[in-house]
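Next up, data-v2.txt (compact mmCIF, C-alpha atoms):
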```
# COMPACT_ATOMS: atom_id res chain seq x y z
CA MET A 1 -15.11 -6.11 -6.43
CA ASN A 2 -12.01 -4.04 -7.07
CA ILE A 3 -10.66 -2.81 -3.73
CA LEU A 4 -8.55 -0.02 -5.23
CA ASP A 5 -9.97 3.41 -6.04
CA HIS A 6 -6.90 4.71 -7.86
CA ILE A 7 -3.12 4.53 -8.03
CA SER A 8 -0.81 7.52 -8.30
CA LEU A 9 2.89 7.82 -9.13
CA GLY A 10 5.12 10.80 -8.50
CA VAL A 11 6.87 12.54 -11.39
CA THR A 12 9.00 15.66 -11.84
CA SER A 13 7.02 17.12 -14.75
CA ILE A 14 3.52 16.42 -16.01
CA ASP A 15 4.47 17.48 -19.55
CA ASP A 16 7.42 15.07 -19.58
CA ALA A 17 5.29 12.32 -18.07
CA ARG A 18 2.54 12.73 -20.65
CA ARG A 19 5.02 12.31 -23.51
CA PHE A 20 5.59 8.79 -22.19
CA TYR A 21 2.22 7.87 -20.68
CA ASP A 22 -0.21 9.17 -23.32
CA PRO A 23 0.94 6.70 -26.03
CA ALA A 24 1.54 3.85 -23.58
CA MET A 25 -1.90 4.20 -21.95
CA GLU A 26 -3.67 4.62 -25.31
CA VAL A 27 -2.63 1.07 -26.27
CA LEU A 28 -4.46 -0.17 -23.15
CA GLY A 29 -7.61 1.81 -23.96
CA LEU A 30 -6.94 4.51 -21.35
CA SER A 31 -6.86 8.22 -22.04
CA CYS A 32 -5.92 11.34 -20.12
CA LEU A 33 -9.25 12.52 -18.69
CA ALA A 34 -7.90 15.63 -16.94
CA ALA A 35 -4.55 17.35 -16.53
CA ASN A 36 -2.87 20.50 -15.30
CA ASN A 37 0.65 21.36 -14.07
CA ALA A 38 0.18 19.26 -10.92
CA PHE A 39 -1.41 16.04 -12.22
CA ALA A 40 -2.52 13.94 -15.18
CA ALA A 41 -5.47 11.59 -14.62
CA TYR A 42 -6.02 8.49 -16.79
CA GLY A 43 -8.90 6.07 -17.13
CA LYS A 44 -11.64 4.75 -19.37
CA ASP A 45 -14.85 6.11 -17.85
CA ALA A 46 -13.43 7.27 -14.53
CA VAL A 47 -10.03 8.25 -13.18
CA GLN A 48 -8.08 5.21 -11.95
CA PHE A 49 -4.42 6.15 -12.51
CA LEU A 50 -2.75 9.47 -11.72
CA LEU A 51 0.64 11.03 -12.25
CA MET A 52 1.35 13.75 -9.72
CA VAL A 53 4.06 16.26 -8.91
CA PRO A 54 4.50 15.76 -5.14
CA THR A 55 2.43 18.35 -3.27
CA ASP A 56 4.88 18.59 -0.37
CA GLY A 57 7.61 20.09 -2.57
CA ALA A 58 9.97 17.17 -1.96
CA ALA A 59 11.38 15.07 -4.79
CA TYR A 60 9.39 12.05 -5.96
CA THR A 61 10.82 8.58 -5.34
CA GLN A 62 10.09 5.18 -6.83
CA GLY A 63 9.76 2.09 -4.65
CA ASN A 64 12.11 -0.84 -5.00
CA GLY A 65 9.99 -3.97 -5.38
CA THR A 66 6.92 -1.93 -6.33
CA HIS A 67 5.23 -1.92 -9.73
CA VAL A 68 1.88 -1.08 -11.31
CA ALA A 69 0.24 -3.77 -13.46
CA PHE A 70 -2.23 -2.82 -16.19
CA ARG A 71 -4.66 -5.44 -17.50
CA ALA A 72 -4.33 -6.20 -21.22
CA ASP A 73 -7.08 -7.87 -23.28
CA ASN A 74 -4.70 -10.18 -25.14
CA GLN A 75 -1.06 -10.98 -25.86
CA ALA A 76 -0.97 -8.58 -28.81
CA THR A 77 -1.95 -5.72 -26.49
CA VAL A 78 0.87 -6.65 -24.08
CA GLU A 79 3.32 -6.54 -26.99
CA ALA A 80 1.88 -3.24 -28.30
CA PHE A 81 2.14 -1.67 -24.82
CA HIS A 82 5.78 -2.74 -24.55
CA THR A 83 6.58 -1.32 -28.00
CA ALA A 84 4.74 1.97 -27.33
CA ALA A 85 6.42 2.38 -23.95
CA ILE A 86 9.92 1.74 -25.32
CA THR A 87 9.28 4.05 -28.29
CA ALA A 88 8.12 6.79 -25.89
CA GLY A 89 11.34 6.62 -23.87
CA GLY A 90 10.83 3.69 -21.52
CA VAL A 91 13.39 0.98 -20.78
CA CYS A 92 12.67 -2.74 -21.10
CA ALA A 93 12.50 -4.45 -17.70
CA GLY A 94 11.15 -7.77 -19.03
CA ALA A 95 10.33 -8.58 -22.66
CA PRO A 96 6.81 -9.71 -23.59
CA GLY A 97 6.31 -13.40 -22.98
CA PRO A 98 4.88 -16.15 -20.80
CA ARG A 99 5.50 -15.95 -17.06
CA PRO A 100 5.63 -19.62 -15.95
CA ASP A 101 6.49 -18.66 -12.35
CA TYR A 102 3.18 -16.83 -11.91
CA PRO A 103 0.29 -18.65 -10.15
CA ALA A 104 -1.76 -18.97 -13.37
CA SER A 105 -0.22 -21.05 -16.15
CA ASP A 106 -1.27 -18.87 -19.10
CA VAL A 107 0.00 -15.46 -17.93
CA PHE A 108 1.61 -13.30 -20.63
CA ALA A 109 3.28 -10.08 -19.51
CA ALA A 110 5.87 -7.40 -20.21
CA PHE A 111 7.68 -4.94 -17.95
CA VAL A 112 9.08 -1.47 -18.63
CA ARG A 113 10.52 1.34 -16.57
CA ASP A 114 9.13 4.78 -17.33
CA PRO A 115 11.48 7.78 -17.72
CA PHE A 116 11.13 8.40 -13.97
CA GLY A 117 12.20 4.87 -12.98
CA HIS A 118 8.75 3.48 -12.10
CA LYS A 119 8.25 -0.17 -13.07
CA LEU A 120 5.11 -0.89 -15.11
CA GLU A 121 3.63 -4.20 -16.26
CA ALA A 122 1.10 -5.04 -18.95
CA ILE A 123 -0.44 -8.43 -18.15
CA HIS A 124 -2.88 -10.78 -19.87
CA ASN A 125 -4.56 -13.53 -17.81
CA GLY A 126 -3.17 -12.06 -14.61
CA PHE A 127 -4.39 -12.21 -11.04
CA ALA A 128 -7.59 -10.24 -11.74
CA ALA A 129 -8.50 -12.22 -14.90
```
Turn the structure described in the file into structure tokens.
Amino acid sequence: MNILDHISLGVTSIDDARRFYDPAMEVLGLSCLAANNAFAAYGKDAVQFLLMVPTDGAAYTQGNGTHVAFRADNQATVEAFHTAAITAGGVCAGAPGPRPDYPASDVFAAFVRDPFGHKLEAIHNGFAA
């Protein structure tokens, strides 16, 4: 059973965020299911990942040591996510490849930072595999 209902990240602009996230999420089979000026909600059949302009009016922040990992069906999807994210304005934070220091021996992952500084991972054979 998945214990998480959804994850949200703060951004300064939903329009700016969607220019990055729409193509990056599409590679993983996720689409924007709903959006307005305050949020963009992504998922397959239900919302699981949100981008939100902070409701308290304060600036968003990203956490040091925090990242969001998206499950990828295969190594090619990890590589395609990395390419799509970089093309859409992300910054490489770990090229696609094996991760021998992870608990499972056949993990293949890539890391990027979105235009807002959030660290994202696409992972195949990860912890939830």
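The spacing separating CA of Ala88 in chain A from CA of Thr55 in chain A amounts to 26.0 Å.
Here the question is which of A:Gly63, A:Pro98, A:Pro103, A:Pro54 gets nearest to Lys119 in chain A using all atoms listed in the file, and that residue is A:Gly63.
When only C-alpha atoms are used to compute distances to Phe39 in chain A, the closest of the residues A:Ile14, A:Asp106, A:Pro23, A:Thr66 turns out to be A:Ile14.
If you measure from each of A:Arg113, A:Ala17, A:Ala46, A:Gly126 to Ile86 in chain A using only C-alpha atoms, the closest one turns out to be A:Arg113.
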In terms of only C-alpha atoms, the residue from A:Met25, A:Ala58, A:Ala85, A:Val53 at minimal distance from Ala38 in chain A is A:Val53
Which is closer to Phe127 in chain A than all the others in A:Ile3, A:Val78, A:Ala34, A:Ala69, using only C-alpha atoms?
A:Ala69
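Proximity ranking of A:Ala80, A:Leu33, A:Ala104, A:Leu51 relative to Thr12 in chain A places A:Leu51 first, based on all atoms listed in the file.
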Near Gly43 in chain A, counting only C-alpha atoms, which residues have an atom at most 10 Å away, once you skip same-chain residues fewer than 5 positions from it, shown as a PyMOL selection string?
chain A and resi 6+25-26+28-34+48-50
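As for CA of Phe116 in chain A and CA of Ala84 in chain A, they are spaced 16.1 Å apart.
Between CA of Asp101 in chain A and CA of Ala122 in chain A lies a distance of 16.1 Å.
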Neighbours of Gln62 in chain A within 12 Å (only C-alpha atoms; same-chain residues fewer than 6 positions away dropped), as a list of chain:residue names?
A:Ser8, A:Leu9, A:Gly10, A:Val11, A:Thr12, A:Val68, A:Arg113, A:Asp114, A:Pro115, A:Phe116, A:Gly117, A:His118, A:Lys119, A:Leu120
Here's a test: counting all atoms listed in the file, identify every protein, DNA and RNA residue with an atom at most 12 Å from (0.2, -15.5, -18.2) in the file's coordinate frame, and state them as a VMD selection string.
chain A and resid 71 to 75 78 96 to 110 121 to 129
Write to file, as a compact mmCIF listing (two decimals), in the frame of the given file, the residues of the selection just made, with C-alpha atoms.
```
# COMPACT_ATOMS: atom_id res chain seq x y z
CA ARG A 71 -4.66 -5.44 -17.50
CA ALA A 72 -4.33 -6.20 -21.22
CA ASP A 73 -7.08 -7.87 -23.28
CA ASN A 74 -4.70 -10.18 -25.14
CA GLN A 75 -1.06 -10.98 -25.86
CA VAL A 78 0.87 -6.65 -24.08
CA PRO A 96 6.81 -9.71 -23.59
CA GLY A 97 6.31 -13.40 -22.98
CA PRO A 98 4.88 -16.15 -20.80
CA ARG A 99 5.50 -15.95 -17.06
CA PRO A 100 5.63 -19.62 -15.95
CA ASP A 101 6.49 -18.66 -12.35
CA TYR A 102 3.18 -16.83 -11.91
CA PRO A 103 0.29 -18.65 -10.15
CA ALA A 104 -1.76 -18.97 -13.37
CA SER A 105 -0.22 -21.05 -16.15
CA ASP A 106 -1.27 -18.87 -19.10
CA VAL A 107 0.00 -15.46 -17.93
CA PHE A 108 1.61 -13.30 -20.63
CA ALA A 109 3.28 -10.08 -19.51
CA ALA A 110 5.87 -7.40 -20.21
CA GLU A 121 3.63 -4.20 -16.26
CA ALA A 122 1.10 -5.04 -18.95
CA ILE A 123 -0.44 -8.43 -18.15
CA HIS A 124 -2.88 -10.78 -19.87
CA ASN A 125 -4.56 -13.53 -17.81
CA GLY A 126 -3.17 -12.06 -14.61
CA PHE A 127 -4.39 -12.21 -11.04
CA ALA A 128 -7.59 -10.24 -11.74
CA ALA A 129 -8.50 -12.22 -14.90
```
Can I get range 50-85 of chain A with N, CA and C atoms filled in, as a PDB file, keeping the file's coordinate frame?
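As a result, rebuild_13.pdb now contains:
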```pdb
ATOM      1  N   LEU A  50      -3.192   8.077 -11.708  1.00  0.00           N
ATOM      2  CA  LEU A  50      -2.750   9.470 -11.720  1.00  0.00           C
ATOM      3  C   LEU A  50      -1.242   9.583 -11.692  1.00  0.00           C
ATOM      4  N   LEU A  51      -0.746  10.604 -12.350  1.00  0.00           N
ATOM      5  CA  LEU A  51       0.640  11.030 -12.250  1.00  0.00           C
ATOM      6  C   LEU A  51       0.601  12.370 -11.543  1.00  0.00           C
ATOM      7  N   MET A  52       1.431  12.533 -10.524  1.00  0.00           N
ATOM      8  CA  MET A  52       1.350  13.750  -9.720  1.00  0.00           C
ATOM      9  C   MET A  52       2.741  14.283  -9.396  1.00  0.00           C
ATOM     10  N   VAL A  53       2.880  15.599  -9.460  1.00  0.00           N
ATOM     11  CA  VAL A  53       4.060  16.260  -8.910  1.00  0.00           C
ATOM     12  C   VAL A  53       3.816  16.296  -7.405  1.00  0.00           C
ATOM     13  N   PRO A  54       4.743  15.809  -6.581  1.00  0.00           N
ATOM     14  CA  PRO A  54       4.500  15.760  -5.140  1.00  0.00           C
ATOM     15  C   PRO A  54       4.061  17.125  -4.584  1.00  0.00           C
ATOM     16  N   THR A  55       2.997  17.104  -3.799  1.00  0.00           N
ATOM     17  CA  THR A  55       2.430  18.350  -3.270  1.00  0.00           C
ATOM     18  C   THR A  55       3.231  18.912  -2.110  1.00  0.00           C
ATOM     19  N   ASP A  56       4.112  18.096  -1.507  1.00  0.00           N
ATOM     20  CA  ASP A  56       4.880  18.590  -0.370  1.00  0.00           C
ATOM     21  C   ASP A  56       6.172  19.296  -0.771  1.00  0.00           C
ATOM     22  N   GLY A  57       6.423  19.397  -2.078  1.00  0.00           N
ATOM     23  CA  GLY A  57       7.610  20.090  -2.570  1.00  0.00           C
ATOM     24  C   GLY A  57       8.866  19.241  -2.565  1.00  0.00           C
ATOM     25  N   ALA A  58       8.811  18.064  -1.968  1.00  0.00           N
ATOM     26  CA  ALA A  58       9.970  17.170  -1.960  1.00  0.00           C
ATOM     27  C   ALA A  58      10.047  16.409  -3.284  1.00  0.00           C
ATOM     28  N   ALA A  59      11.199  15.840  -3.557  1.00  0.00           N
ATOM     29  CA  ALA A  59      11.380  15.070  -4.790  1.00  0.00           C
ATOM     30  C   ALA A  59      10.562  13.781  -4.725  1.00  0.00           C
ATOM     31  N   TYR A  60      10.088  13.326  -5.887  1.00  0.00           N
ATOM     32  CA  TYR A  60       9.390  12.050  -5.960  1.00  0.00           C
ATOM     33  C   TYR A  60      10.426  10.937  -5.773  1.00  0.00           C
ATOM     34  N   THR A  61       9.972   9.764  -5.385  1.00  0.00           N
ATOM     35  CA  THR A  61      10.820   8.580  -5.340  1.00  0.00           C
ATOM     36  C   THR A  61      10.035   7.403  -5.903  1.00  0.00           C
ATOM     37  N   GLN A  62      10.749   6.400  -6.398  1.00  0.00           N
ATOM     38  CA  GLN A  62      10.090   5.180  -6.830  1.00  0.00           C
ATOM     39  C   GLN A  62      10.449   4.078  -5.844  1.00  0.00           C
ATOM     40  N   GLY A  63       9.534   3.143  -5.633  1.00  0.00           N
ATOM     41  CA  GLY A  63       9.760   2.090  -4.650  1.00  0.00           C
ATOM     42  C   GLY A  63      10.443   0.879  -5.248  1.00  0.00           C
ATOM     43  N   ASN A  64      11.456   0.384  -4.580  1.00  0.00           N
ATOM     44  CA  ASN A  64      12.110  -0.840  -5.000  1.00  0.00           C
ATOM     45  C   ASN A  64      11.206  -2.016  -4.640  1.00  0.00           C
ATOM     46  N   GLY A  65      10.903  -2.859  -5.603  1.00  0.00           N
ATOM     47  CA  GLY A  65       9.990  -3.970  -5.380  1.00  0.00           C
ATOM     48  C   GLY A  65       8.536  -3.615  -5.638  1.00  0.00           C
ATOM     49  N   THR A  66       8.278  -2.393  -6.055  1.00  0.00           N
ATOM     50  CA  THR A  66       6.920  -1.930  -6.330  1.00  0.00           C
ATOM     51  C   THR A  66       6.728  -1.774  -7.829  1.00  0.00           C
ATOM     52  N   HIS A  67       5.553  -2.183  -8.328  1.00  0.00           N
ATOM     53  CA  HIS A  67       5.230  -1.920  -9.730  1.00  0.00           C
ATOM     54  C   HIS A  67       3.717  -1.802  -9.876  1.00  0.00           C
ATOM     55  N   VAL A  68       3.294  -1.221 -10.981  1.00  0.00           N
ATOM     56  CA  VAL A  68       1.880  -1.080 -11.310  1.00  0.00           C
ATOM     57  C   VAL A  68       1.607  -1.981 -12.501  1.00  0.00           C
ATOM     58  N   ALA A  69       0.600  -2.837 -12.387  1.00  0.00           N
ATOM     59  CA  ALA A  69       0.240  -3.770 -13.460  1.00  0.00           C
ATOM     60  C   ALA A  69      -1.072  -3.328 -14.100  1.00  0.00           C
ATOM     61  N   PHE A  70      -1.045  -3.185 -15.421  1.00  0.00           N
ATOM     62  CA  PHE A  70      -2.230  -2.820 -16.190  1.00  0.00           C
ATOM     63  C   PHE A  70      -2.742  -4.054 -16.923  1.00  0.00           C
ATOM     64  N   ARG A  71      -4.041  -4.301 -16.834  1.00  0.00           N
ATOM     65  CA  ARG A  71      -4.660  -5.440 -17.500  1.00  0.00           C
ATOM     66  C   ARG A  71      -4.698  -5.218 -19.006  1.00  0.00           C
ATOM     67  N   ALA A  72      -4.293  -6.234 -19.754  1.00  0.00           N
ATOM     68  CA  ALA A  72      -4.330  -6.200 -21.220  1.00  0.00           C
ATOM     69  C   ALA A  72      -5.315  -7.267 -21.705  1.00  0.00           C
ATOM     70  N   ASP A  73      -6.055  -6.954 -22.770  1.00  0.00           N
ATOM     71  CA  ASP A  73      -7.080  -7.870 -23.280  1.00  0.00           C
ATOM     72  C   ASP A  73      -6.515  -9.115 -23.931  1.00  0.00           C
ATOM     73  N   ASN A  74      -5.288  -9.034 -24.438  1.00  0.00           N
ATOM     74  CA  ASN A  74      -4.700 -10.180 -25.140  1.00  0.00           C
ATOM     75  C   ASN A  74      -3.188 -10.006 -25.215  1.00  0.00           C
ATOM     76  N   GLN A  75      -2.513 -11.029 -25.754  1.00  0.00           N
ATOM     77  CA  GLN A  75      -1.060 -10.980 -25.860  1.00  0.00           C
ATOM     78  C   GLN A  75      -0.597  -9.865 -26.790  1.00  0.00           C
ATOM     79  N   ALA A  76      -1.342  -9.635 -27.865  1.00  0.00           N
ATOM     80  CA  ALA A  76      -0.970  -8.580 -28.810  1.00  0.00           C
ATOM     81  C   ALA A  76      -0.969  -7.208 -28.126  1.00  0.00           C
ATOM     82  N   THR A  77      -1.899  -6.987 -27.207  1.00  0.00           N
ATOM     83  CA  THR A  77      -1.950  -5.720 -26.490  1.00  0.00           C
ATOM     84  C   THR A  77      -0.749  -5.580 -25.549  1.00  0.00           C
ATOM     85  N   VAL A  78      -0.342  -6.671 -24.917  1.00  0.00           N
ATOM     86  CA  VAL A  78       0.870  -6.650 -24.080  1.00  0.00           C
ATOM     87  C   VAL A  78       2.065  -6.232 -24.933  1.00  0.00           C
ATOM     88  N   GLU A  79       2.197  -6.853 -26.104  1.00  0.00           N
ATOM     89  CA  GLU A  79       3.320  -6.540 -26.990  1.00  0.00           C
ATOM     90  C   GLU A  79       3.251  -5.093 -27.488  1.00  0.00           C
ATOM     91  N   ALA A  80       2.045  -4.613 -27.825  1.00  0.00           N
ATOM     92  CA  ALA A  80       1.880  -3.240 -28.300  1.00  0.00           C
ATOM     93  C   ALA A  80       2.204  -2.229 -27.195  1.00  0.00           C
ATOM     94  N   PHE A  81       1.796  -2.528 -25.960  1.00  0.00           N
ATOM     95  CA  PHE A  81       2.140  -1.670 -24.820  1.00  0.00           C
ATOM     96  C   PHE A  81       3.651  -1.572 -24.670  1.00  0.00           C
ATOM     97  N   HIS A  82       4.319  -2.701 -24.701  1.00  0.00           N
ATOM     98  CA  HIS A  82       5.780  -2.740 -24.550  1.00  0.00           C
ATOM     99  C   HIS A  82       6.440  -1.902 -25.634  1.00  0.00           C
ATOM    100  N   THR A  83       6.015  -2.077 -26.875  1.00  0.00           N
ATOM    101  CA  THR A  83       6.580  -1.320 -28.000  1.00  0.00           C
ATOM    102  C   THR A  83       6.324   0.175 -27.830  1.00  0.00           C
ATOM    103  N   ALA A  84       5.079   0.549 -27.502  1.00  0.00           N
ATOM    104  CA  ALA A  84       4.740   1.970 -27.330  1.00  0.00           C
ATOM    105  C   ALA A  84       5.540   2.586 -26.191  1.00  0.00           C
ATOM    106  N   ALA A  85       5.687   1.859 -25.102  1.00  0.00           N
ATOM    107  CA  ALA A  85       6.420   2.380 -23.950  1.00  0.00           C
ATOM    108  C   ALA A  85       7.900   2.577 -24.269  1.00  0.00           C
TER     109      ALA A  85
END
```
